[in-house]
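The file input.pdb contains PDB, C-alpha atoms:
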```pdb
ATOM      1  CA  MET A   1       0.000   0.000   0.000
ATOM      2  CA  THR A   2       2.464   2.597  -1.136
ATOM      3  CA  GLY A   3       2.525   5.582  -3.422
ATOM      4  CA  GLY A   4       5.773   7.337  -4.188
ATOM      5  CA  ASP A   5       4.530  10.875  -4.835
ATOM      6  CA  ARG A   6       2.771  11.678  -1.564
ATOM      7  CA  ARG A   7       4.572  13.771   1.005
ATOM      8  CA  GLY A   8       3.634  12.104   4.268
ATOM      9  CA  ARG A   9       3.396   8.493   5.312
ATOM     10  CA  ILE A  10       2.497   6.490   8.391
ATOM     11  CA  THR A  11       4.146   3.249   9.447
ATOM     12  CA  VAL A  12       2.774   1.193  12.332
ATOM     13  CA  VAL A  13       5.732  -0.560  13.941
ATOM     14  CA  GLY A  14       5.910  -3.552  16.276
ATOM     15  CA  LEU A  15       8.714  -3.161  18.830
ATOM     16  CA  GLY A  16       8.574  -6.762  20.025
ATOM     17  CA  PRO A  17       8.231  -7.898  23.642
ATOM     18  CA  GLY A  18      10.692  -5.387  25.055
ATOM     19  CA  ALA A  19      14.306  -6.503  24.722
ATOM     20  CA  ALA A  20      16.237  -4.581  22.078
ATOM     21  CA  ARG A  21      17.558  -7.819  20.553
ATOM     22  CA  GLN A  22      13.973  -8.954  19.885
ATOM     23  CA  MET A  23      13.152  -5.913  17.781
ATOM     24  CA  THR A  24      13.444  -6.759  14.091
ATOM     25  CA  PRO A  25      15.882  -4.868  11.828
ATOM     26  CA  GLU A  26      12.918  -3.769   9.694
ATOM     27  CA  ALA A  27      11.203  -2.278  12.748
ATOM     28  CA  ALA A  28      14.376  -0.497  13.882
ATOM     29  CA  ALA A  29      14.846   0.970  10.396
ATOM     30  CA  ALA A  30      11.235   2.173  10.259
ATOM     31  CA  VAL A  31      11.585   4.001  13.569
ATOM     32  CA  GLU A  32      14.942   5.457  12.528
ATOM     33  CA  ALA A  33      13.435   6.838   9.296
ATOM     34  CA  ALA A  34      10.578   8.649  11.058
ATOM     35  CA  ASP A  35      10.433  12.382  11.720
ATOM     36  CA  LEU A  36       7.718  11.969  14.318
ATOM     37  CA  VAL A  37       7.045   8.974  16.588
ATOM     38  CA  PHE A  38       3.727   8.411  18.352
ATOM     39  CA  GLY A  39       3.051   5.785  21.002
ATOM     40  CA  TYR A  40       2.220   4.788  24.543
ATOM     41  CA  ALA A  41       4.822   6.492  26.741
ATOM     42  CA  PRO A  42       6.509   3.307  28.115
ATOM     43  CA  TYR A  43       6.974   2.003  24.558
ATOM     44  CA  LEU A  44       8.570   5.238  23.402
ATOM     45  CA  ALA A  45      10.922   5.042  26.383
ATOM     46  CA  ARG A  46      12.379   1.818  24.958
ATOM     47  CA  LEU A  47      13.718   3.624  21.898
ATOM     48  CA  PRO A  48      17.088   5.364  21.659
ATOM     49  CA  GLU A  49      16.936   9.107  21.126
ATOM     50  CA  ARG A  50      17.630  10.383  17.596
ATOM     51  CA  PRO A  51      18.558  14.024  16.890
ATOM     52  CA  GLY A  52      15.830  15.827  14.986
ATOM     53  CA  GLN A  53      13.178  13.223  15.750
ATOM     54  CA  GLU A  54      10.137  14.333  17.744
ATOM     55  CA  ARG A  55       8.187  12.040  20.068
ATOM     56  CA  ARG A  56       4.580  12.358  21.147
ATOM     57  CA  PRO A  57       3.700  10.033  24.031
ATOM     58  CA  SER A  58       0.139   9.418  25.163
ATOM     59  CA  ASP A  59      -1.827   7.300  27.624
ATOM     60  CA  ASN A  60      -2.690   3.671  27.006
ATOM     61  CA  ARG A  61      -6.433   4.268  26.540
ATOM     62  CA  GLU A  62      -6.130   7.000  23.917
ATOM     63  CA  GLU A  63      -5.675   4.764  20.873
ATOM     64  CA  ILE A  64      -8.087   6.473  18.471
ATOM     65  CA  ALA A  65      -7.014   9.971  19.510
ATOM     66  CA  ARG A  66      -3.361   8.919  19.087
ATOM     67  CA  ALA A  67      -4.077   7.397  15.682
ATOM     68  CA  SER A  68      -5.963  10.519  14.547
ATOM     69  CA  ALA A  69      -3.153  12.844  15.603
ATOM     70  CA  ALA A  70      -0.597  10.648  13.825
ATOM     71  CA  LEU A  71      -2.667  10.575  10.625
ATOM     72  CA  ASP A  72      -3.082  14.347  10.678
ATOM     73  CA  ALA A  73       0.687  14.725  11.051
ATOM     74  CA  ALA A  74       1.262  12.400   8.101
ATOM     75  CA  VAL A  75      -1.213  14.357   5.950
ATOM     76  CA  ALA A  76       0.758  17.492   6.834
ATOM     77  CA  GLY A  77       3.873  15.864   5.355
ATOM     78  CA  ALA A  78       5.591  14.114   8.268
ATOM     79  CA  ARG A  79       7.091  10.657   8.091
ATOM     80  CA  VAL A  80       5.270   9.148  11.061
ATOM     81  CA  ALA A  81       5.995   5.976  13.010
ATOM     82  CA  MET A  82       3.249   4.699  15.300
ATOM     83  CA  VAL A  83       4.928   2.253  17.684
ATOM     84  CA  SER A  84       3.296  -0.640  19.464
ATOM     85  CA  GLY A  85       4.579  -3.285  21.832
ATOM     86  CA  GLY A  86       4.792  -6.816  20.476
ATOM     87  CA  ASP A  87       3.125  -7.063  17.081
ATOM     88  CA  PRO A  88       1.016  -4.026  16.099
ATOM     89  CA  GLY A  89      -1.677  -6.243  14.604
ATOM     90  CA  VAL A  90      -2.277  -8.296  17.781
ATOM     91  CA  PHE A  91      -4.503  -6.383  20.229
ATOM     92  CA  ALA A  92      -2.558  -3.261  19.329
ATOM     93  CA  MET A  93      -2.307  -0.096  17.265
ATOM     94  CA  ALA A  94      -2.592  -1.337  13.671
ATOM     95  CA  ALA A  95      -6.310  -2.020  14.107
ATOM     96  CA  ALA A  96      -6.804   1.374  15.789
ATOM     97  CA  VAL A  97      -5.138   3.181  12.885
ATOM     98  CA  CYS A  98      -7.196   1.225  10.351
ATOM     99  CA  GLU A  99     -10.364   2.055  12.291
ATOM    100  CA  ALA A 100      -9.466   5.735  12.337
ATOM    101  CA  ILE A 101      -8.790   5.690   8.588
ATOM    102  CA  GLU A 102     -12.140   4.009   7.902
ATOM    103  CA  HIS A 103     -14.108   6.660   9.792
ATOM    104  CA  GLY A 104     -11.884   9.658   9.102
ATOM    105  CA  PRO A 105     -11.447  12.148   6.243
ATOM    106  CA  GLU A 106     -10.594  11.068   2.710
ATOM    107  CA  ALA A 107      -7.096  12.531   3.084
ATOM    108  CA  TRP A 108      -6.231   9.766   5.545
ATOM    109  CA  ARG A 109      -7.111   7.077   2.992
ATOM    110  CA  ALA A 110      -4.718   8.617   0.481
ATOM    111  CA  LEU A 111      -1.680   8.253   2.770
ATOM    112  CA  ASP A 112       1.117   5.778   2.282
ATOM    113  CA  PHE A 113       0.422   3.191   4.979
ATOM    114  CA  GLU A 114       2.536   0.262   6.130
ATOM    115  CA  VAL A 115       2.526  -2.185   9.048
ATOM    116  CA  VAL A 116       5.865  -3.592  10.231
ATOM    117  CA  PRO A 117       5.358  -6.785  12.266
ATOM    118  CA  GLY A 118       6.998  -7.625  15.563
ATOM    119  CA  VAL A 119       7.383 -10.557  17.942
ATOM    120  CA  THR A 120       4.168 -10.739  19.954
ATOM    121  CA  ALA A 121       4.062 -11.696  23.648
ATOM    122  CA  MET A 122       2.701 -15.217  23.262
ATOM    123  CA  LEU A 123       5.518 -16.119  20.856
ATOM    124  CA  ALA A 124       8.158 -14.717  23.198
ATOM    125  CA  VAL A 125       6.717 -16.599  26.189
ATOM    126  CA  ALA A 126       6.319 -19.818  24.209
ATOM    127  CA  ALA A 127       9.930 -19.663  23.054
ATOM    128  CA  ARG A 128      11.149 -19.354  26.647
ATOM    129  CA  CYS A 129       9.511 -22.597  27.769
ATOM    130  CA  GLY A 130       9.562 -24.860  24.714
ATOM    131  CA  ALA A 131       6.744 -25.063  22.177
ATOM    132  CA  PRO A 132       3.366 -24.801  23.938
ATOM    133  CA  LEU A 133       1.843 -23.345  20.750
ATOM    134  CA  GLY A 134       3.100 -26.215  18.603
ATOM    135  CA  HIS A 135      -0.434 -27.284  17.660
ATOM    136  CA  ASP A 136      -3.726 -25.410  17.176
ATOM    137  CA  PHE A 137      -4.106 -22.414  19.468
ATOM    138  CA  CYS A 138      -6.015 -19.170  19.877
ATOM    139  CA  ALA A 139      -5.356 -15.802  21.517
ATOM    140  CA  LEU A 140      -7.882 -13.978  23.671
ATOM    141  CA  SER A 141      -7.758 -10.652  25.494
ATOM    142  CA  LEU A 142      -9.348 -10.641  28.938
ATOM    143  CA  SER A 143      -9.894  -6.895  28.765
ATOM    144  CA  ASP A 144     -13.555  -5.937  28.607
ATOM    145  CA  ASN A 145     -12.860  -2.291  27.779
ATOM    146  CA  LEU A 146     -13.986  -2.801  24.171
ATOM    147  CA  LYS A 147     -16.203  -5.887  24.435
ATOM    148  CA  PRO A 148     -18.651  -7.248  27.013
ATOM    149  CA  TRP A 149     -17.354  -9.672  29.617
ATOM    150  CA  ALA A 150     -20.111 -12.145  28.659
ATOM    151  CA  LEU A 151     -18.477 -12.457  25.230
ATOM    152  CA  VAL A 152     -15.074 -13.088  26.832
ATOM    153  CA  GLU A 153     -16.586 -15.926  28.897
ATOM    154  CA  LYS A 154     -18.318 -17.444  25.857
ATOM    155  CA  ARG A 155     -15.127 -17.449  23.818
ATOM    156  CA  LEU A 156     -13.089 -18.946  26.668
ATOM    157  CA  LEU A 157     -15.517 -21.827  27.093
ATOM    158  CA  LEU A 158     -15.787 -22.527  23.359
ATOM    159  CA  ALA A 159     -12.004 -22.441  22.931
ATOM    160  CA  ALA A 160     -11.606 -24.903  25.802
ATOM    161  CA  GLU A 161     -14.277 -27.210  24.387
ATOM    162  CA  ALA A 162     -12.613 -27.121  20.967
ATOM    163  CA  GLY A 163      -9.286 -28.201  22.446
ATOM    164  CA  PHE A 164      -7.291 -25.068  21.618
ATOM    165  CA  VAL A 165      -4.248 -24.022  23.569
ATOM    166  CA  ILE A 166      -5.230 -20.550  24.812
ATOM    167  CA  ALA A 167      -2.960 -17.522  25.081
ATOM    168  CA  LEU A 168      -4.416 -14.836  27.329
ATOM    169  CA  TYR A 169      -3.458 -11.206  26.783
ATOM    170  CA  ASN A 170      -4.295  -8.366  29.206
ATOM    171  CA  PRO A 171      -4.981 -10.895  31.962
ATOM    172  CA  ILE A 172      -5.276  -8.542  34.920
ATOM    173  CA  SER A 173      -4.936  -4.896  35.930
ATOM    174  CA  ARG A 174      -5.638  -2.645  38.888
ATOM    175  CA  ALA A 175      -9.021  -1.831  37.354
ATOM    176  CA  ARG A 176      -9.746  -5.515  36.555
ATOM    177  CA  PRO A 177      -8.272  -7.570  39.421
ATOM    178  CA  TRP A 178     -10.867 -10.357  39.309
ATOM    179  CA  GLN A 179     -11.079 -11.392  35.670
ATOM    180  CA  LEU A 180      -8.173 -13.852  35.453
ATOM    181  CA  GLY A 181      -9.450 -15.703  38.519
ATOM    182  CA  ARG A 182     -12.872 -15.900  36.923
ATOM    183  CA  ALA A 183     -11.323 -17.157  33.676
ATOM    184  CA  PHE A 184      -9.469 -19.919  35.546
ATOM    185  CA  ALA A 185     -12.699 -20.908  37.322
ATOM    186  CA  LEU A 186     -14.551 -21.161  34.013
ATOM    187  CA  LEU A 187     -11.806 -23.206  32.386
ATOM    188  CA  ARG A 188     -11.736 -25.627  35.330
ATOM    189  CA  GLU A 189     -15.331 -26.485  34.395
ATOM    190  CA  ARG A 190     -14.132 -27.718  30.988
ATOM    191  CA  LEU A 191     -10.517 -28.807  31.446
ATOM    192  CA  ALA A 192      -8.691 -31.257  33.697
ATOM    193  CA  GLY A 193      -6.937 -29.815  36.718
ATOM    194  CA  ASN A 194      -3.532 -31.082  35.539
ATOM    195  CA  VAL A 195      -3.588 -28.968  32.361
ATOM    196  CA  PRO A 196      -0.372 -26.884  32.337
ATOM    197  CA  VAL A 197      -0.517 -23.107  32.730
ATOM    198  CA  VAL A 198       2.466 -20.907  31.851
ATOM    199  CA  PHE A 199       2.762 -17.431  33.352
ATOM    200  CA  GLY A 200       5.193 -15.498  31.185
ATOM    201  CA  ARG A 201       6.069 -12.075  32.516
ATOM    202  CA  ALA A 202       8.340  -9.683  30.592
ATOM    203  CA  ALA A 203       9.693 -12.474  28.383
ATOM    204  CA  GLY A 204      13.192 -11.703  27.163
ATOM    205  CA  ARG A 205      13.705  -8.706  29.447
ATOM    206  CA  GLU A 206      15.867  -8.378  32.544
ATOM    207  CA  ASP A 207      12.874  -8.750  34.860
ATOM    208  CA  GLU A 208      11.584 -11.859  33.073
ATOM    209  CA  ARG A 209       9.691 -14.400  35.140
ATOM    210  CA  ILE A 210       8.420 -17.674  33.633
ATOM    211  CA  THR A 211       6.321 -19.810  36.004
ATOM    212  CA  LEU A 212       4.687 -23.186  35.373
ATOM    213  CA  ALA A 213       1.597 -24.337  37.270
ATOM    214  CA  THR A 214      -1.396 -26.619  36.811
ATOM    215  CA  LEU A 215      -4.839 -25.240  36.105
ATOM    216  CA  ALA A 216      -6.029 -26.569  39.463
ATOM    217  CA  GLU A 217      -3.341 -24.595  41.302
ATOM    218  CA  ALA A 218      -2.955 -21.546  39.021
ATOM    219  CA  ASP A 219      -2.875 -18.379  41.103
ATOM    220  CA  PRO A 220      -4.087 -15.246  39.288
ATOM    221  CA  THR A 221      -1.964 -13.024  41.537
ATOM    222  CA  GLN A 222       1.113 -14.307  39.672
ATOM    223  CA  ALA A 223       0.050 -12.215  36.666
ATOM    224  CA  ASP A 224       0.049  -8.509  35.880
ATOM    225  CA  MET A 225      -0.374  -6.495  32.684
ATOM    226  CA  ALA A 226       3.157  -7.438  31.614
ATOM    227  CA  THR A 227       2.192 -11.125  31.693
ATOM    228  CA  CYS A 228       0.941 -13.387  28.937
ATOM    229  CA  VAL A 229      -0.708 -16.572  30.215
ATOM    230  CA  ILE A 230      -0.657 -19.734  28.104
ATOM    231  CA  ILE A 231      -3.122 -22.465  29.048
ATOM    232  CA  GLY A 232      -2.433 -25.874  27.567
ATOM    233  CA  THR A 233      -4.680 -28.837  26.907
ATOM    234  CA  THR A 234      -4.781 -32.421  28.125
ATOM    235  CA  ASP A 235      -2.385 -33.225  25.254
ATOM    236  CA  THR A 236       0.238 -30.669  26.367
ATOM    237  CA  ARG A 237       3.444 -32.414  27.384
ATOM    238  CA  ILE A 238       5.934 -31.504  30.108
ATOM    239  CA  VAL A 239       9.462 -32.873  29.740
ATOM    240  CA  PRO A 240      11.434 -32.834  33.040
ATOM    241  CA  ARG A 241      15.129 -31.985  32.750
ATOM    242  CA  PRO A 242      17.389 -32.547  35.786
ATOM    243  CA  GLY A 243      18.748 -29.214  36.981
ATOM    244  CA  LEU A 244      17.055 -27.334  34.138
ATOM    245  CA  PRO A 245      13.599 -25.842  33.542
ATOM    246  CA  PRO A 246      11.151 -28.363  32.079
ATOM    247  CA  LEU A 247      10.132 -28.171  28.446
ATOM    248  CA  VAL A 248       6.469 -27.551  27.726
ATOM    249  CA  TYR A 249       5.185 -28.424  24.284
ATOM    250  CA  ALA A 250       2.032 -29.210  22.323
ATOM    251  CA  PRO A 251       2.374 -32.370  20.205
ATOM    252  CA  ARG A 252       2.144 -31.602  16.501
ATOM    253  CA  SER A 253      -0.616 -34.137  15.883
ATOM    254  CA  ALA A 254      -4.000 -34.849  17.440
ATOM    255  CA  ASP A 255      -6.129 -38.007  17.407
ATOM    256  CA  ARG A 256      -3.242 -39.975  15.907
ATOM    257  CA  PRO A 257      -1.276 -42.979  17.159
ATOM    258  CA  ALA A 258       1.673 -42.341  19.457
ATOM    259  CA  PRO A 259       5.011 -41.579  17.711
ATOM    260  CA  ARG A 260       6.840 -44.615  16.347
ATOM    261  CA  ALA A 261       9.724 -46.045  18.286
ATOM    262  CA  LYS A 262      13.091 -46.282  16.570
ATOM    263  CA  GLY A 263      13.123 -49.182  14.137
ATOM    264  CA  GLU A 264       9.371 -49.355  13.565
ATOM    265  CA  SER A 265       8.111 -49.408   9.986
ATOM    266  CA  ALA A 266       6.936 -46.183   8.413
ATOM    267  CA  PRO A 267       3.183 -45.526   8.062
ATOM    268  CA  ARG A 268       1.435 -46.038   4.746
ATOM    269  CA  ALA A 269       1.589 -43.139   2.297
ATOM    270  CA  GLU A 270      -1.933 -41.926   3.092
ATOM    271  CA  GLU A 271      -0.982 -41.714   6.776
ATOM    272  CA  GLU A 272       2.057 -39.521   6.229
ATOM    273  CA  PRO A 273       1.832 -36.327   8.276
ATOM    274  CA  VAL A 274       1.781 -32.953   6.576
ATOM    275  CA  SER A 275       5.320 -31.769   5.967
ATOM    276  CA  PRO A 276       6.709 -28.952   8.134
ATOM    277  CA  VAL A 277       6.958 -26.775   5.027
ATOM    278  CA  GLU A 278       3.235 -27.191   4.317
ATOM    279  CA  GLU A 279       2.327 -26.659   7.973
ATOM    280  CA  SER A 280       4.112 -23.321   8.124
ATOM    281  CA  ALA A 281       3.165 -22.000   4.692
ATOM    282  CA  PRO A 282       1.335 -18.665   4.797
TER     283      PRO A 282
END
```

Write out the structure in this file as structure tokens.
Amino acid sequence: MTGGDRRGRITVVGLGPGAARQMTPEAAAAVEAADLVFGYAPYLARLPERPGQERRPSDNREEIARASAALDAAVAGARVAMVSGGDPGVFAMAAAVCEAIEHGPEAWRALDFEVVPGVTAMLAVAARCGAPLGHDFCALSLSDNLKPWALVEKRLLLAAEAGFVIALYNPISRARPWQLGRAFALLRERLAGNVPVVFGRAAGREDERITLATLAEADPTQADMATCVIIGTTDTRIVPRPGLPPLVYAPRSADRPAPRAKGESAPRAEEEPVSPVEESAP
């Protein structure tokens, strides 16, 4: 979505989960090229200062106002970067900018617009403990700021019944201290108590904390707004390692025989699993 003859442009940039090494080169280059950077103040604080570059921080609940101001600046000719933690398209600013463009003036639709992806929280947490998202999964936000809590509960229960691994974003806050506990209570109605739960706080940063519990024992006070919670299924495996953190992973297949032991004959052609290349194709 580019056009070379327009003066201004807006790029929505994912900064990753927080550590500088987890920010992609493309994201770093997009921020470096901007005249004006908009974002939630703690995200802007992650970025190194650049001479001649202006920053405009704002509060976390001002997404549409932030997007509108950034679009106006781009229309006026600025090269704008709108930064977001994690990936900007996952519960973040890319959707807010698109929403603003849809309902805003025609000039906003004529802008050069680009989204630069980043490593989102559930991927960072999963990487720190193994491969808990190795099979079918879904991501849900527990925030009810923009949707009714009844819908959150419905989606949680349906995801559990369908057998998805569930990654929970925005699990708890000072304004919403009860919702993660309620989510655990609902899931205990559908899932076995020994289902693994991973609390991943600040994955990849200096204050990282990765904690493993069972659903029966999961304590919501272990989470805050910097935490992504991954809830496994009855198929999720835990591999103990003496003196090392256990590995948590979701088997790649479901409703299939157990993996063959060394020396066993290969399955018939029609039973061959999908190749890794096909599994990961976009």

List as a ChimeraX atom specification the protein and nucleic acid residues near range 127-143 of chain A, meaning an atom at most 9 Å away when only C-alpha atoms are counted, but skip any in the same chain fewer than 3 places from it.
/A:90-91,122-124,146-149,152-153,155-156,159,163-173,176,179-180,183,198,200,203-204,210,230-232,236-237,245-254

Inset, instruction - List the residues selected by the PyMOL selection byres ((chain A and resi 34-38) around 7) in the file shown, writing them as a list in words. - result: Ala30, Val31, Glu32, Ala33, Gly39, Gln53, Glu54, Arg55, Arg56, Pro57, Ala70, Ala78, Arg79, Val80, Ala81, Met82 and Val83 of chain A

Practice item. Compare A:Ile10, A:Ala19, A:Ala192, A:Ala92 by their minimum atom-to-atom distance to Asp207 in chain A, counting all atoms listed in the file, and give me the closest one. Key: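 Using all atoms listed in the file, the shortest distance to Asp207 in chain A belongs to A:Ala19.
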
| message | I'd like the contact shell of range 99-103 of chain A - 9 Å cut-off, all atoms listed in the file, skipping same-chain residues fewer than 6 positions apart - returned as an MDAnalysis selection string. | response | chainID A and resid 64:65 67:68 71 109

Legend entry - Of the listed residues A:Pro196, A:Pro220, A:Gly85, A:Pro51, that which approaches Arg182 in chain A most closely, counting all atoms listed in the file: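 So, comparing all the options, the nearest one is A:Pro220.
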
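Here CA of Leu215 in chain A stands at a distance of 5.1 Å from CA of Gly193 in chain A.
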
- Query: Any idea what the distance is between CA of Ala218 in chain A and CA of Arg188 in chain A?
  - Reply: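 Rounded to one decimal, the two atoms are 10.4 Å apart.
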
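Residue nearest Val115 in chain A, chosen from A:Pro25, A:Gly86, A:Gly181, A:Gly14 and counting only C-alpha atoms: A:Gly14.
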
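Taking CA of Asp59 in chain A and CA of Ala45 in chain A as the two end points, the separation is 13.0 Å.
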
In terms of all atoms listed in the file, the residue from A:Asn60, A:Ala223, A:Ala160, A:Glu189 at minimal distance from Asn145 in chain A is A:Asn60

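Nearest residue to Asp224 in chain A, choosing from A:Pro177, A:Gly8, A:Gly118, A:Pro88 and counting only C-alpha atoms: A:Pro177.
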
Closest of A:Ala121, A:Ala69, A:Ala107, A:Leu191 to Gln22 in chain A, counting only C-alpha atoms, is A:Ala121

Discussion item. Can you translate the PyMOL selection byres ((chain A and resi 227) around 7) into the concrete residues it hits in this file, as an NGL selection string?
Written reply: :A and (199-202 or 223-226 or 228-229)

Expected axis-aligned box over every listed atom of range 75-85 of chain A, 6 Å added per side, centre plus edges in Å to one decimal, as AutoDock Vina command-line options:
```
--center_x 2.9 --center_y 7.1 --center_z 13.6 --size_x 20.3 --size_y 32.8 --size_z 28.5
```

message: Give me, as a list in words, all polymer residues having an atom no more than 12 Å from Ala29 in chain A, counting all atoms listed in the file and skipping those fewer than 6 positions away in the same chain.
response: Thr11, Val13, Gly14, Leu15, Met23, Leu47, Ala81 and Val116 of chain A

Missing atoms in range 178-186 of chain A: fill them in up to all heavy atoms and send the result as a CSV table (one decimal), in the frame of the given file.
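Saved result, out.csv, follows:
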```csv
chain,number,residue,atom,x,y,z
A,178,TRP,N,-10.1,-9.1,39.1
A,178,TRP,CA,-10.9,-10.4,39.3
A,178,TRP,C,-11.0,-11.2,38.1
A,178,TRP,O,-11.3,-12.4,38.2
A,178,TRP,CB,-12.3,-10.0,39.8
A,178,TRP,CG,-13.1,-9.2,38.8
A,178,TRP,CD1,-13.1,-7.8,38.8
A,178,TRP,CD2,-13.9,-9.6,37.7
A,178,TRP,NE1,-13.9,-7.3,37.8
A,178,TRP,CE2,-14.4,-8.4,37.1
A,178,TRP,CE3,-14.3,-10.8,37.3
A,178,TRP,CZ2,-15.2,-8.5,36.0
A,178,TRP,CZ3,-15.1,-10.9,36.2
A,178,TRP,CH2,-15.6,-9.7,35.5
A,179,GLN,N,-10.7,-10.7,36.9
A,179,GLN,CA,-11.1,-11.4,35.7
A,179,GLN,C,-10.3,-12.6,35.4
A,179,GLN,O,-10.8,-13.6,34.9
A,179,GLN,CB,-11.0,-10.4,34.5
A,179,GLN,CG,-12.2,-9.4,34.6
A,179,GLN,CD,-12.1,-8.3,33.5
A,179,GLN,OE1,-11.0,-8.0,33.1
A,179,GLN,NE2,-13.2,-7.7,33.1
A,180,LEU,N,-9.0,-12.6,35.7
A,180,LEU,CA,-8.2,-13.9,35.5
A,180,LEU,C,-8.6,-15.0,36.4
A,180,LEU,O,-8.7,-16.1,35.9
A,180,LEU,CB,-6.7,-13.6,35.7
A,180,LEU,CG,-5.7,-14.7,35.4
A,180,LEU,CD1,-5.9,-15.3,34.0
A,180,LEU,CD2,-4.3,-14.3,35.6
A,181,GLY,N,-8.9,-14.7,37.6
A,181,GLY,CA,-9.4,-15.7,38.5
A,181,GLY,C,-10.8,-16.3,38.0
A,181,GLY,O,-11.0,-17.5,38.1
A,182,ARG,N,-11.6,-15.4,37.5
A,182,ARG,CA,-12.9,-15.9,36.9
A,182,ARG,C,-12.6,-16.8,35.7
A,182,ARG,O,-13.3,-17.8,35.5
A,182,ARG,CB,-13.8,-14.7,36.6
A,182,ARG,CG,-15.0,-15.0,35.8
A,182,ARG,CD,-16.0,-15.9,36.6
A,182,ARG,NE,-17.2,-16.2,35.8
A,182,ARG,CZ,-18.0,-17.2,36.1
A,182,ARG,NH1,-17.7,-18.1,37.0
A,182,ARG,NH2,-19.1,-17.4,35.4
A,183,ALA,N,-11.6,-16.4,34.9
A,183,ALA,CA,-11.3,-17.2,33.7
A,183,ALA,C,-10.8,-18.5,34.1
A,183,ALA,O,-11.2,-19.6,33.5
A,183,ALA,CB,-10.3,-16.4,32.8
A,184,PHE,N,-9.9,-18.6,35.1
A,184,PHE,CA,-9.5,-19.9,35.5
A,184,PHE,C,-10.6,-20.8,36.0
A,184,PHE,O,-10.7,-22.0,35.8
A,184,PHE,CB,-8.4,-19.8,36.7
A,184,PHE,CG,-7.1,-19.3,36.2
A,184,PHE,CD1,-6.2,-18.6,37.0
A,184,PHE,CD2,-6.6,-19.6,34.9
A,184,PHE,CE1,-5.0,-18.2,36.6
A,184,PHE,CE2,-5.4,-19.1,34.5
A,184,PHE,CZ,-4.6,-18.5,35.3
A,185,ALA,N,-11.6,-20.2,36.8
A,185,ALA,CA,-12.7,-20.9,37.3
A,185,ALA,C,-13.6,-21.5,36.2
A,185,ALA,O,-14.0,-22.6,36.2
A,185,ALA,CB,-13.5,-20.0,38.2
A,186,LEU,N,-13.8,-20.7,35.2
A,186,LEU,CA,-14.6,-21.2,34.0
A,186,LEU,C,-13.8,-22.3,33.3
A,186,LEU,O,-14.5,-23.3,33.0
A,186,LEU,CB,-14.8,-20.0,33.0
A,186,LEU,CG,-15.8,-19.0,33.4
A,186,LEU,CD1,-15.7,-17.8,32.4
A,186,LEU,CD2,-17.2,-19.5,33.4
```
